[in-house]
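Undergrad: Take a look at my_file.cif, mmCIF, C-alpha atoms and all ligand atoms:
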data_coords
#
loop_
_atom_site.label_atom_id
_atom_site.label_comp_id
_atom_site.auth_asym_id
_atom_site.auth_seq_id
_atom_site.Cartn_x
_atom_site.Cartn_y
_atom_site.Cartn_z
CA MET A 241 -10.64 10.44 8.03
CA ARG A 242 -8.75 9.94 4.76
CA SER A 243 -4.96 9.72 4.61
CA VAL A 244 -4.99 11.24 1.10
CA GLU A 245 -7.65 13.65 -0.20
CA TRP A 246 -8.30 16.67 -2.37
CA ASP A 247 -8.70 19.87 -0.36
CA GLU A 248 -11.67 21.69 -1.93
CA THR A 249 -10.91 24.94 -0.06
CA ASN A 250 -7.23 25.24 -0.92
CA HIS A 251 -7.47 23.43 -4.29
CA ASN A 252 -4.53 21.20 -3.44
CA LEU A 253 -3.64 17.74 -2.13
CA LYS A 254 -3.96 17.13 1.58
CA MET A 255 -2.24 14.18 3.26
CA ILE A 256 -1.39 12.94 6.75
CA ASP A 257 2.36 13.26 7.37
CA GLN A 258 2.98 9.63 8.36
CA ARG A 259 6.56 10.35 9.39
CA LEU A 260 5.29 12.11 12.51
CA LEU A 261 2.91 9.43 13.82
CA PRO A 262 2.23 8.32 16.51
CA ALA A 263 3.58 11.47 18.21
CA GLU A 264 1.60 13.93 16.08
CA LEU A 265 -1.32 13.84 13.62
CA ARG A 266 -0.48 16.60 11.14
CA PHE A 267 -1.90 17.29 7.68
CA VAL A 268 0.34 18.65 4.94
CA HIS A 269 -0.64 20.29 1.62
CA TYR A 270 0.93 19.92 -1.82
CA ASP A 271 0.53 22.13 -4.90
CA THR A 272 2.78 20.52 -7.52
CA PRO A 273 3.50 17.00 -8.85
CA GLN A 274 7.18 17.49 -7.94
CA GLU A 275 6.23 18.06 -4.30
CA VAL A 276 3.99 14.98 -4.35
CA ALA A 277 6.79 12.83 -5.82
CA PHE A 278 9.12 14.04 -3.07
CA ALA A 279 6.48 13.24 -0.42
CA ILE A 280 6.20 9.70 -1.81
CA GLN A 281 10.00 9.24 -1.78
CA GLU A 282 10.29 10.58 1.77
CA MET A 283 7.34 8.43 2.92
CA VAL A 284 5.13 11.29 4.08
CA VAL A 285 2.62 9.03 2.33
CA ARG A 286 3.34 5.32 2.01
CA GLY A 287 1.59 2.02 1.36
CA ALA A 288 0.94 0.84 -2.20
CA PRO A 289 -2.69 2.01 -2.69
CA ALA A 290 -2.06 5.34 -0.90
CA ILE A 291 0.95 6.26 -3.04
CA GLY A 292 -1.05 5.29 -6.15
CA VAL A 293 -3.88 7.67 -5.30
CA ALA A 294 -1.45 10.41 -4.19
CA ALA A 295 0.29 10.11 -7.58
CA ALA A 296 -3.08 10.29 -9.39
CA PHE A 297 -3.71 13.59 -7.58
CA GLY A 298 -0.14 14.58 -8.55
CA VAL A 299 -1.15 14.26 -12.22
CA ALA A 300 -4.31 16.26 -11.45
CA LEU A 301 -2.10 19.01 -9.95
CA ALA A 302 0.01 19.02 -13.13
CA ALA A 303 -3.22 19.45 -15.08
CA GLN A 304 -4.43 22.36 -12.91
CA ASN A 305 -1.01 24.07 -13.20
CA SER A 306 -0.61 23.54 -16.96
CA GLN A 307 -0.52 26.66 -19.16
CA ALA A 308 -1.05 24.59 -22.33
CA LEU A 309 -3.59 25.86 -24.84
CA ASN A 310 -3.91 22.69 -26.92
CA LYS A 311 -4.31 19.00 -26.09
CA GLU A 312 -0.87 18.00 -27.39
CA ASP A 313 0.98 20.42 -25.09
CA PHE A 314 -1.36 19.54 -22.22
CA ILE A 315 -0.60 15.81 -22.54
CA HIS A 316 3.11 16.64 -22.76
CA ASP A 317 2.87 18.47 -19.39
CA LEU A 318 1.02 15.54 -17.85
CA GLN A 319 3.48 13.01 -19.21
CA GLU A 320 6.40 14.95 -17.73
CA ALA A 321 4.70 14.88 -14.32
CA ALA A 322 3.82 11.19 -14.76
CA GLU A 323 7.47 10.25 -15.27
CA ILE A 324 8.58 12.06 -12.12
CA LEU A 325 5.77 10.51 -10.06
CA GLN A 326 6.28 6.97 -11.36
CA ALA A 327 9.99 7.12 -10.59
CA ALA A 328 9.40 8.05 -6.93
CA ARG A 329 9.31 4.45 -5.68
CA PRO A 330 9.87 1.40 -7.89
CA THR A 331 8.22 -1.61 -6.22
CA ALA A 332 4.50 -0.84 -5.81
CA ILE A 333 2.82 -1.27 -9.21
CA ASN A 334 -0.14 0.82 -7.96
CA LEU A 335 1.91 3.95 -8.59
CA LYS A 336 2.29 3.28 -12.31
CA TRP A 337 -1.24 1.90 -12.61
CA ALA A 338 -2.81 4.99 -11.05
CA VAL A 339 -0.75 7.49 -13.06
CA GLN A 340 -1.40 5.66 -16.33
CA SER A 341 -5.14 5.40 -15.56
CA VAL A 342 -5.40 9.20 -15.28
CA LEU A 343 -3.30 9.72 -18.43
CA ASN A 344 -5.42 7.23 -20.40
CA THR A 345 -8.62 9.01 -19.38
CA VAL A 346 -7.25 12.27 -20.80
CA LYS A 347 -5.90 10.65 -23.97
CA HIS A 348 -9.24 8.99 -24.73
CA SER A 349 -11.29 12.16 -24.27
CA ALA A 350 -12.17 14.61 -27.06
CA ALA A 351 -12.93 17.43 -24.59
CA PRO A 352 -11.15 20.83 -24.72
CA VAL A 353 -8.21 21.52 -22.36
CA SER A 354 -10.38 23.45 -19.87
CA GLU A 355 -12.61 20.36 -19.52
CA LEU A 356 -9.64 17.98 -19.42
CA LYS A 357 -8.36 19.80 -16.34
CA LYS A 358 -11.63 19.05 -14.56
CA LEU A 359 -11.57 15.48 -15.89
CA THR A 360 -8.13 14.65 -14.41
CA LEU A 361 -9.25 15.80 -10.98
CA LYS A 362 -12.54 13.92 -11.29
CA LYS A 363 -10.67 10.74 -12.24
CA ALA A 364 -8.24 11.04 -9.28
CA GLN A 365 -11.18 11.64 -6.92
CA GLN A 366 -12.99 8.66 -8.39
CA MET A 367 -9.90 6.49 -7.81
CA ALA A 368 -9.76 7.63 -4.18
CA ASP A 369 -13.43 6.76 -3.65
CA GLU A 370 -13.01 3.41 -5.41
CA ASP A 371 -10.04 2.56 -3.20
CA VAL A 372 -12.22 2.87 -0.10
CA ALA A 373 -15.02 0.79 -1.64
CA ILE A 374 -12.57 -1.89 -2.81
CA ASN A 375 -10.98 -2.11 0.64
CA GLN A 376 -14.38 -2.62 2.23
CA ARG A 377 -15.14 -5.45 -0.20
CA MET A 378 -11.77 -7.10 0.55
CA ALA A 379 -12.44 -6.73 4.26
CA GLN A 380 -15.76 -8.56 3.94
CA HIS A 381 -14.24 -11.43 1.94
CA GLY A 382 -11.20 -11.69 4.21
CA ALA A 383 -13.05 -11.49 7.52
CA LYS A 384 -14.72 -14.83 6.75
CA LEU A 385 -11.26 -16.43 7.06
CA ILE A 386 -10.79 -15.18 10.62
CA ASN A 387 -12.25 -17.35 13.40
CA GLU A 388 -13.58 -16.29 16.78
CA GLY A 389 -10.65 -16.13 19.21
CA ASP A 390 -7.90 -16.02 16.54
CA THR A 391 -4.59 -14.34 17.18
CA VAL A 392 -3.32 -12.83 13.92
CA ILE A 393 0.26 -11.81 13.14
CA HIS A 394 0.26 -8.68 10.98
CA HIS A 395 3.28 -7.20 9.18
CA CYS A 396 3.99 -3.54 8.34
CA ASN A 397 1.06 -1.10 8.11
CA THR A 398 -1.77 -1.98 5.77
CA GLY A 399 -4.53 0.09 7.33
CA ALA A 400 -6.31 3.34 6.54
CA LEU A 401 -2.91 5.05 6.44
CA ALA A 402 -1.56 2.73 3.72
CA THR A 403 -4.67 3.20 1.58
CA VAL A 404 -7.11 6.08 1.28
CA ASP A 405 -9.20 4.70 4.13
CA TRP A 406 -10.04 1.39 5.78
CA GLY A 407 -7.06 -0.71 4.62
CA THR A 408 -6.18 -4.10 3.12
CA ALA A 409 -4.97 -6.73 5.65
CA LEU A 410 -5.73 -4.41 8.56
CA GLY A 411 -9.13 -3.74 6.98
CA VAL A 412 -9.84 -7.48 7.22
CA ILE A 413 -8.85 -7.45 10.90
CA ARG A 414 -11.01 -4.36 11.52
CA PHE A 415 -14.02 -5.88 9.79
CA ALA A 416 -13.68 -9.15 11.76
CA HIS A 417 -13.49 -7.13 14.99
CA GLU A 418 -16.48 -4.97 14.06
CA SER A 419 -18.48 -8.10 13.20
CA GLY A 420 -18.11 -9.11 16.84
CA LYS A 421 -15.25 -11.61 16.61
CA HIS A 422 -12.86 -11.51 19.56
CA ILE A 423 -9.46 -11.36 17.95
CA HIS A 424 -5.99 -10.35 19.04
CA VAL A 425 -3.25 -8.91 16.85
CA LEU A 426 0.47 -9.49 17.19
CA VAL A 427 1.93 -6.40 15.53
CA ASP A 428 5.34 -6.94 13.92
CA GLU A 429 7.24 -3.76 14.70
CA THR A 430 8.60 -3.86 11.09
CA ARG A 431 12.12 -2.58 11.14
CA PRO A 432 13.75 -0.44 10.02
CA ARG A 433 10.96 2.18 9.56
CA LEU A 434 8.71 0.66 12.22
CA GLN A 435 5.45 0.96 10.29
CA GLY A 436 4.04 -1.74 12.61
CA SER A 437 4.79 -0.21 16.00
CA ARG A 438 4.35 3.41 14.86
CA LEU A 439 1.36 3.19 12.52
CA THR A 440 -0.46 -0.14 12.88
CA ALA A 441 -0.44 0.04 16.68
CA TRP A 442 -1.74 3.64 16.46
CA GLU A 443 -4.56 2.58 14.15
CA LEU A 444 -5.49 -0.45 16.31
CA GLN A 445 -5.75 1.85 19.31
CA GLN A 446 -8.22 4.07 17.41
CA TYR A 447 -10.37 1.02 16.54
CA GLY A 448 -10.20 -0.52 20.02
CA ILE A 449 -8.70 -3.78 18.76
CA PRO A 450 -6.52 -5.62 21.32
CA PHE A 451 -2.88 -6.05 20.28
CA ASP A 452 0.70 -6.56 21.40
CA ILE A 453 3.71 -5.26 19.53
CA ILE A 454 6.35 -7.93 18.92
CA SER A 455 9.85 -7.63 17.51
CA ASP A 456 9.93 -9.02 13.97
CA ASN A 457 12.16 -11.90 14.99
CA ALA A 458 9.69 -13.06 17.68
CA ALA A 459 7.08 -14.11 15.11
CA GLY A 460 8.63 -17.58 14.67
CA TYR A 461 8.37 -18.19 18.41
CA PHE A 462 4.65 -17.32 18.52
CA LEU A 463 3.94 -19.52 15.50
CA GLN A 464 5.95 -22.49 16.80
CA THR A 465 4.26 -22.37 20.21
CA GLY A 466 0.77 -22.27 18.71
CA GLN A 467 0.07 -18.73 19.89
CA ALA A 468 -0.93 -17.41 16.45
CA GLN A 469 -3.55 -18.91 14.13
CA LYS A 470 -3.22 -16.68 11.03
CA VAL A 471 -0.66 -14.52 9.28
CA LEU A 472 -1.91 -11.53 7.28
CA PHE A 473 -0.03 -8.97 5.22
CA GLY A 474 -0.60 -6.67 2.24
CA ALA A 475 1.24 -6.45 -1.07
CA ASP A 476 3.15 -3.95 -3.17
CA ARG A 477 3.21 -6.01 -6.34
CA MET A 478 2.12 -9.54 -7.24
CA ALA A 479 3.41 -11.41 -10.30
CA ALA A 480 1.10 -13.52 -12.50
CA ASN A 481 2.10 -16.72 -10.66
CA GLY A 482 1.15 -15.33 -7.22
CA ASP A 483 4.67 -14.48 -6.00
CA VAL A 484 4.23 -11.35 -3.92
CA ALA A 485 6.51 -8.43 -3.04
CA ASN A 486 5.73 -6.88 0.32
CA LYS A 487 7.52 -5.13 3.16
CA ILE A 488 10.90 -6.63 4.04
CA GLY A 489 10.42 -9.50 6.50
CA SER A 490 7.22 -10.84 4.92
CA TYR A 491 9.16 -13.74 3.36
CA MET A 492 10.71 -14.86 6.68
CA LEU A 493 7.31 -14.57 8.34
CA ALA A 494 5.62 -16.68 5.65
CA LEU A 495 8.40 -19.29 5.90
CA ALA A 496 7.92 -19.61 9.65
CA ALA A 497 4.14 -19.81 9.25
CA HIS A 498 4.44 -22.47 6.53
CA ASP A 499 6.78 -24.54 8.71
CA ASN A 500 4.12 -24.47 11.43
CA ASP A 501 1.11 -25.15 9.17
CA THR A 502 -0.34 -21.72 9.90
CA PRO A 503 -2.38 -20.13 7.07
CA VAL A 504 -0.82 -17.11 5.34
CA TYR A 505 -3.06 -14.67 3.43
CA THR A 506 -2.03 -11.64 1.46
CA VAL A 507 -4.75 -9.01 1.00
CA LEU A 508 -4.56 -6.84 -2.13
CA PRO A 509 -6.66 -4.92 -4.64
CA THR A 510 -6.38 -6.41 -8.12
CA SER A 511 -4.60 -3.18 -9.16
CA THR A 512 -1.58 -4.61 -7.28
CA ILE A 513 -1.35 -7.61 -9.64
CA ASP A 514 1.15 -7.14 -12.46
CA MET A 515 0.21 -9.71 -15.09
CA THR A 516 3.17 -8.66 -17.26
CA LEU A 517 5.58 -10.36 -14.85
CA THR A 518 5.65 -14.16 -14.88
CA HIS A 519 7.35 -14.52 -11.49
CA GLY A 520 8.41 -12.52 -8.46
CA GLY A 521 12.10 -12.47 -9.35
CA LEU A 522 11.24 -9.83 -11.96
CA ILE A 523 9.75 -7.37 -9.45
CA PRO A 524 12.09 -4.39 -8.89
CA ILE A 525 13.04 -4.17 -5.21
CA GLU A 526 13.67 -0.71 -3.80
CA GLU A 527 16.83 -0.34 -1.74
CA ARG A 528 16.59 2.65 0.57
CA ALA A 529 19.22 4.71 2.35
CA PRO A 530 21.41 2.88 4.92
CA GLU A 531 20.65 5.66 7.40
CA GLU A 532 17.20 4.11 7.95
CA VAL A 533 18.93 1.03 9.44
CA LEU A 534 21.86 2.82 11.09
CA GLY A 535 19.86 5.74 12.49
CA ILE A 536 17.83 3.74 15.01
CA GLN A 537 18.49 4.56 18.66
CA PHE A 538 18.17 2.39 21.77
CA GLN A 539 17.97 4.01 25.21
CA GLY A 540 19.15 7.28 23.68
CA GLN A 541 22.22 5.70 22.03
CA MET A 542 22.90 4.90 18.38
CA VAL A 543 22.62 1.15 17.79
CA SER A 544 25.61 0.92 15.46
CA PRO A 545 29.18 2.18 15.66
CA ILE A 546 30.18 5.31 13.73
CA GLY A 547 31.42 4.27 10.29
CA ALA A 548 29.30 1.08 10.12
CA THR A 549 27.66 0.36 6.76
CA ALA A 550 24.26 -1.21 6.13
CA ARG A 551 22.04 -2.69 3.41
CA ASN A 552 18.40 -1.72 3.33
CA PRO A 553 16.11 -3.56 0.89
CA ALA A 554 12.62 -2.21 1.55
CA PHE A 555 10.73 -5.26 0.22
CA ASP A 556 11.16 -8.99 -0.32
CA VAL A 557 9.32 -11.56 -2.41
CA THR A 558 7.26 -14.32 -0.80
CA PRO A 559 6.96 -17.26 -3.22
CA ALA A 560 3.38 -18.21 -4.08
CA ARG A 561 3.89 -21.70 -2.61
CA LEU A 562 3.95 -20.16 0.89
CA LEU A 563 0.56 -18.47 0.46
CA THR A 564 -2.65 -20.17 1.54
CA GLY A 565 -4.80 -17.67 -0.34
CA ILE A 566 -5.00 -14.20 -1.85
CA VAL A 567 -7.83 -11.92 -0.70
CA THR A 568 -9.00 -9.51 -3.42
CA GLU A 569 -12.05 -7.26 -3.83
CA ASN A 570 -13.48 -9.92 -6.14
CA GLY A 571 -13.10 -12.81 -3.72
CA VAL A 572 -10.45 -15.09 -2.22
CA VAL A 573 -8.14 -16.81 -4.72
CA TYR A 574 -6.65 -20.22 -3.98
CA PRO A 575 -3.93 -22.19 -5.81
CA PRO A 576 -3.19 -22.83 -8.61
CA PHE A 577 -2.75 -19.04 -8.75
CA GLU A 578 -1.61 -18.93 -12.41
CA ILE A 579 -5.03 -20.25 -13.38
CA ASN A 580 -7.19 -18.59 -10.75
CA LEU A 581 -5.69 -15.06 -10.58
CA PRO A 582 -6.81 -13.93 -14.09
CA LYS A 583 -10.38 -14.86 -13.14
CA VAL A 584 -10.53 -12.07 -10.51
CA ILE A 585 -9.08 -9.39 -12.76
CA GLN A 586 -12.08 -7.73 -14.33
CA GLY A 587 -13.40 -4.70 -16.16
CA ASP A 588 -11.05 -1.84 -16.99
CA GLN A 589 -8.16 -3.75 -15.43
CA LEU A 590 -8.15 -6.21 -18.35
CA TRP A 591 -5.79 -3.87 -20.22
CA ARG A 592 -3.02 -5.22 -18.03
CA LEU A 593 -3.63 -8.73 -19.40
CA ALA A 594 -3.45 -7.49 -22.96
CA ARG A 595 -0.12 -5.60 -22.68
O1 LIG B 601 7.49 1.04 2.48
P1 LIG B 601 6.00 1.11 2.72
O2 LIG B 601 5.63 1.51 4.09
O3 LIG B 601 5.32 1.92 1.64
O4 LIG B 601 5.52 -0.38 2.52
C1 LIG B 601 4.17 -0.69 2.64
C2 LIG B 601 3.90 -2.13 2.57
O5 LIG B 601 4.78 -2.94 2.35
C3 LIG B 601 2.48 -2.56 2.69
O6 LIG B 601 2.41 -3.79 3.31
C4 LIG B 601 1.88 -2.63 1.30
O7 LIG B 601 2.00 -1.41 0.63
C5 LIG B 601 0.48 -3.04 1.28
S1 LIG B 601 -0.51 -2.04 2.32
C6 LIG B 601 -1.92 -1.65 1.69
#
Just dump the structure as C-alpha cells.

TA:
Amino acid sequence: MRSVEWDETNHNLKMIDQRLLPAELRFVHYDTPQEVAFAIQEMVVRGAPAIGVAAAFGVALAAQNSQALNKEDFIHDLQEAAEILQAARPTAINLKWAVQSVLNTVKHSAAPVSELKKLTLKKAQQMADEDVAINQRMAQHGAKLINEGDTVIHHCNTGALATVDWGTALGVIRFAHESGKHIHVLVDETRPRLQGSRLTAWELQQYGIPFDIISDNAAGYFLQTGQAQKVLFGADRMAANGDVANKIGSYMLALAAHDNDTPVYTVLPTSTIDMTLTHGGLIPIEERAPEEVLGIQFQGQMVSPIGATARNPAFDVTPARLLTGIVTENGVVYPPFEINLPKVIQGDQLWRLAR
C-alpha cells in the first residue's frame, strides 16, 4: 500500500489522509497543484520523501490541466505550480528537489506539449518507484547496524507513511525485524503532532514489531539506564557538513544518546542532502501554528489556559558531531562527513554539487 500514488482510474493523485490515523484509514484525491500544496501544508501528507513525491505529482497535475499550446506557455504554467508547491513547507529539501527534477525533465526535452504532458506524469511516477527502491536499499544497509536483541529509540514517523512505501529509519527497523532479529522499539510520541504515537505505532502494529510508546522526555531515562542500544531517526534536510534538520526533539534525543555513548544514526536518501548549505544553521526551520501545541487535550480537558501563547518550531538541527553515522541508499557514511558525504552523492544528483 502506497501513501502517495497516481490513480489511473480517476486520473488524479491519491493519498492517505494522515491526519485521521490511527482512527481511520481514508484515501483522498487531488486534481490540482493548489490542492496538493494545501494538503502538504495541512499535513494530509507529511514526511520529507512523501511530500517530495506528492509535489512531483502536483507538477504533473499542472501539466495535465494546462491549456498551453506551445512549450513556453506550458513551462510558464508548470513554473507557477512549482512555486506554490515549493512554498508549502520550507524545511524538507526533497520538496524543491522533486519539483525541480520534474521541471528539468520538461525543459530538457524537445517533445511537443502533448508528449510533455505524458512525460511529467511518467517522471513523477518514476520518482515514486525510485523512492521505494531507495528505501529498500537504505533498509538493507542500515539493518546491518542493528544487533539481535537491540532496543531502538525512534523519533517521529519515518515509515511507509513518510515516504511512498517502506520508509527510512523505520524501514531499517522493519528490515532488521523481517531478517529475523528480535528487536524492540521505543516510540517517541513526538509532540505536538504525535507522529510517533499516531503513525509509527500504527505502522509497527501492521508489521508485528514489538514496541512501547514513550513520552519524548522519557528517552533520556531509557538511555541512561541502559535500556536502549540505538537511536534512529530520519531527516528533512542535511547540510554539507552532516548537520541534520529533523523533527523537533531530535537534537535533545541525540544529546542524551551521545552523553550515554549510545550510537545515533540518521537514515536518509541522498536527495535529502543539500550540498549548497555549509552548515545546519542555514537550514530554514518551519514554525507552525501555536494551536498545534495549545490544542492538545488531556482527559478531555485543554492542557493550557485560555489566552496562553505558544511557540512551535517543527524541526531542530542535530549537529554532525552527535551522529555516529548516516545511512543512505549508497551505504553508511561515517565522519569526517564533509569528506565522505560527497562520495555517496552520485548520478543525476551531482547537479546539486555544481550549483
Ligand atoms: O512534520 P513532518 O511530520 O513532515 O516531519 C517528518 C520528519 O521529521 C521525518 O522524520 C522526516 O521527514 C524524515 S522521514 C522519512

Undergrad: List all protein, DNA and RNA residues that have any atom at most 7 Å from ligand LIG 601 (chain B), counting all atoms listed in the file, and write the list as a PyMOL selection string.

TA: chain A and resi 283+286-289+332+395-399+402-403+407-408+435+473-476+486-487+508+554-555

Undergrad: Could you tell me how far CA of Val339 (chain A) sits from CA of Lys311 (chain A), in Å to one decimal place?

TA: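 These atoms are spaced 17.7 Å apart.
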
Undergrad: Give me, as number ranges by chain, all polymer residues having an atom no more than 12 Å from Ala383 (chain A), counting all atoms listed in the file and skipping those fewer than 5 positions away in the same chain.

TA: A: 375-378, 388, 390, 392, 408-421, 423, 470, 472, 505, 507, 567-568, 571-572

Undergrad: Using only C-alpha atoms, can you tell me which of A:Gln467, A:Asn481, A:Thr272, A:Thr518 comes closest to Lys254 (chain A)?

TA: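 Smallest distance to Lys254 (chain A) is found for A:Thr272.
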
Undergrad: For Asn580 (chain A), which residue out of A:Gly482, A:Gly521, A:Pro503, A:Pro450 is the nearest one, using all atoms listed in the file?

TA: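 When distances to Asn580 (chain A) are compared using all atoms listed in the file, the smallest one comes from A:Gly482.
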
Undergrad: Could you tell me which of A:Ile488, A:Ala277, A:Ala303, A:Ile315 comes closest to Arg433 (chain A) if we count all atoms listed in the file?

TA: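 Between A:Ile488, A:Ala277, A:Ala303, A:Ile315, the residue approaching Arg433 (chain A) most closely is A:Ile488.
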
Undergrad: For each of A:Val484, A:Leu522, A:Ile393, A:Val244, take the minimum atom-to-atom distance to Val471 (chain A), counting only C-alpha atoms, then give the residue where this is smallest.

TA: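 Closest residue, counting only C-alpha atoms: A:Ile393.
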
Undergrad: For Ala322 (chain A), please output as a VMD selection string all residues within 7 Å (counting only C-alpha atoms; exclusion window: fewer than 3 positions along the same chain).

TA: chain A and resid 299 318 to 319 325 to 326 339

Undergrad: Expressed in Å to a single decimal, how great is the separation between CA of Leu265 (chain A) and CA of Ser243 (chain A)?

TA: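 Separation between CA of Leu265 (chain A) and CA of Ser243 (chain A): 10.6 Å.
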
Undergrad: So how far away is CA of Trp406 (chain A) from CA of Gln365 (chain A), in Å?

TA: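 CA of Trp406 (chain A) lies at a distance of 16.4 Å from CA of Gln365 (chain A).
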
Undergrad: Mind checking which residues fall within 7 Å of Thr502 (chain A), counting only C-alpha atoms, ignoring those fewer than 4 positions away in the same chain, and posting them as a PyMOL selection string?

TA: chain A and resi 469-470+497-498

Undergrad: Tell me, as a PyMOL selection string, which residues lie within 12 Å of Leu434 (chain A), counting all atoms listed in the file; anything in the same chain fewer than 2 positions away does not count.

TA: chain A and resi 258-262+395-397+427-432+436-442+453-456+487-489+532-533+536+554

Undergrad: Include C-alpha atoms and write out the residues we just selected as a PDB file, keeping the file's coordinate frame.

TA:
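Wrote it out as again-v3.pdb, contents follow:
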ATOM      1  CA  GLN A 258       2.980   9.630   8.360  1.00  0.00           C
ATOM      2  CA  ARG A 259       6.560  10.350   9.390  1.00  0.00           C
ATOM      3  CA  LEU A 260       5.290  12.110  12.510  1.00  0.00           C
ATOM      4  CA  LEU A 261       2.910   9.430  13.820  1.00  0.00           C
ATOM      5  CA  PRO A 262       2.230   8.320  16.510  1.00  0.00           C
ATOM      6  CA  HIS A 395       3.280  -7.200   9.180  1.00  0.00           C
ATOM      7  CA  CYS A 396       3.990  -3.540   8.340  1.00  0.00           C
ATOM      8  CA  ASN A 397       1.060  -1.100   8.110  1.00  0.00           C
ATOM      9  CA  VAL A 427       1.930  -6.400  15.530  1.00  0.00           C
ATOM     10  CA  ASP A 428       5.340  -6.940  13.920  1.00  0.00           C
ATOM     11  CA  GLU A 429       7.240  -3.760  14.700  1.00  0.00           C
ATOM     12  CA  THR A 430       8.600  -3.860  11.090  1.00  0.00           C
ATOM     13  CA  ARG A 431      12.120  -2.580  11.140  1.00  0.00           C
ATOM     14  CA  PRO A 432      13.750  -0.440  10.020  1.00  0.00           C
ATOM     15  CA  GLY A 436       4.040  -1.740  12.610  1.00  0.00           C
ATOM     16  CA  SER A 437       4.790  -0.210  16.000  1.00  0.00           C
ATOM     17  CA  ARG A 438       4.350   3.410  14.860  1.00  0.00           C
ATOM     18  CA  LEU A 439       1.360   3.190  12.520  1.00  0.00           C
ATOM     19  CA  THR A 440      -0.460  -0.140  12.880  1.00  0.00           C
ATOM     20  CA  ALA A 441      -0.440   0.040  16.680  1.00  0.00           C
ATOM     21  CA  TRP A 442      -1.740   3.640  16.460  1.00  0.00           C
ATOM     22  CA  ILE A 453       3.710  -5.260  19.530  1.00  0.00           C
ATOM     23  CA  ILE A 454       6.350  -7.930  18.920  1.00  0.00           C
ATOM     24  CA  SER A 455       9.850  -7.630  17.510  1.00  0.00           C
ATOM     25  CA  ASP A 456       9.930  -9.020  13.970  1.00  0.00           C
ATOM     26  CA  LYS A 487       7.520  -5.130   3.160  1.00  0.00           C
ATOM     27  CA  ILE A 488      10.900  -6.630   4.040  1.00  0.00           C
ATOM     28  CA  GLY A 489      10.420  -9.500   6.500  1.00  0.00           C
ATOM     29  CA  GLU A 532      17.200   4.110   7.950  1.00  0.00           C
ATOM     30  CA  VAL A 533      18.930   1.030   9.440  1.00  0.00           C
ATOM     31  CA  ILE A 536      17.830   3.740  15.010  1.00  0.00           C
ATOM     32  CA  ALA A 554      12.620  -2.210   1.550  1.00  0.00           C
TER      33      ALA A 554
END

Undergrad: With distances taken over all atoms listed in the file, which of A:Asn552, A:Asn305, A:Gln586, A:Gln274 is nearest to His251 (chain A)?

TA: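 Closest residue, counting all atoms listed in the file: A:Asn305.
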
Undergrad: Out of A:Asp271, A:Glu526, A:Asp452, A:Glu320, which residue has the shortest atom-to-atom distance to Met255 (chain A) when counting only C-alpha atoms?

TA: A:Asp271
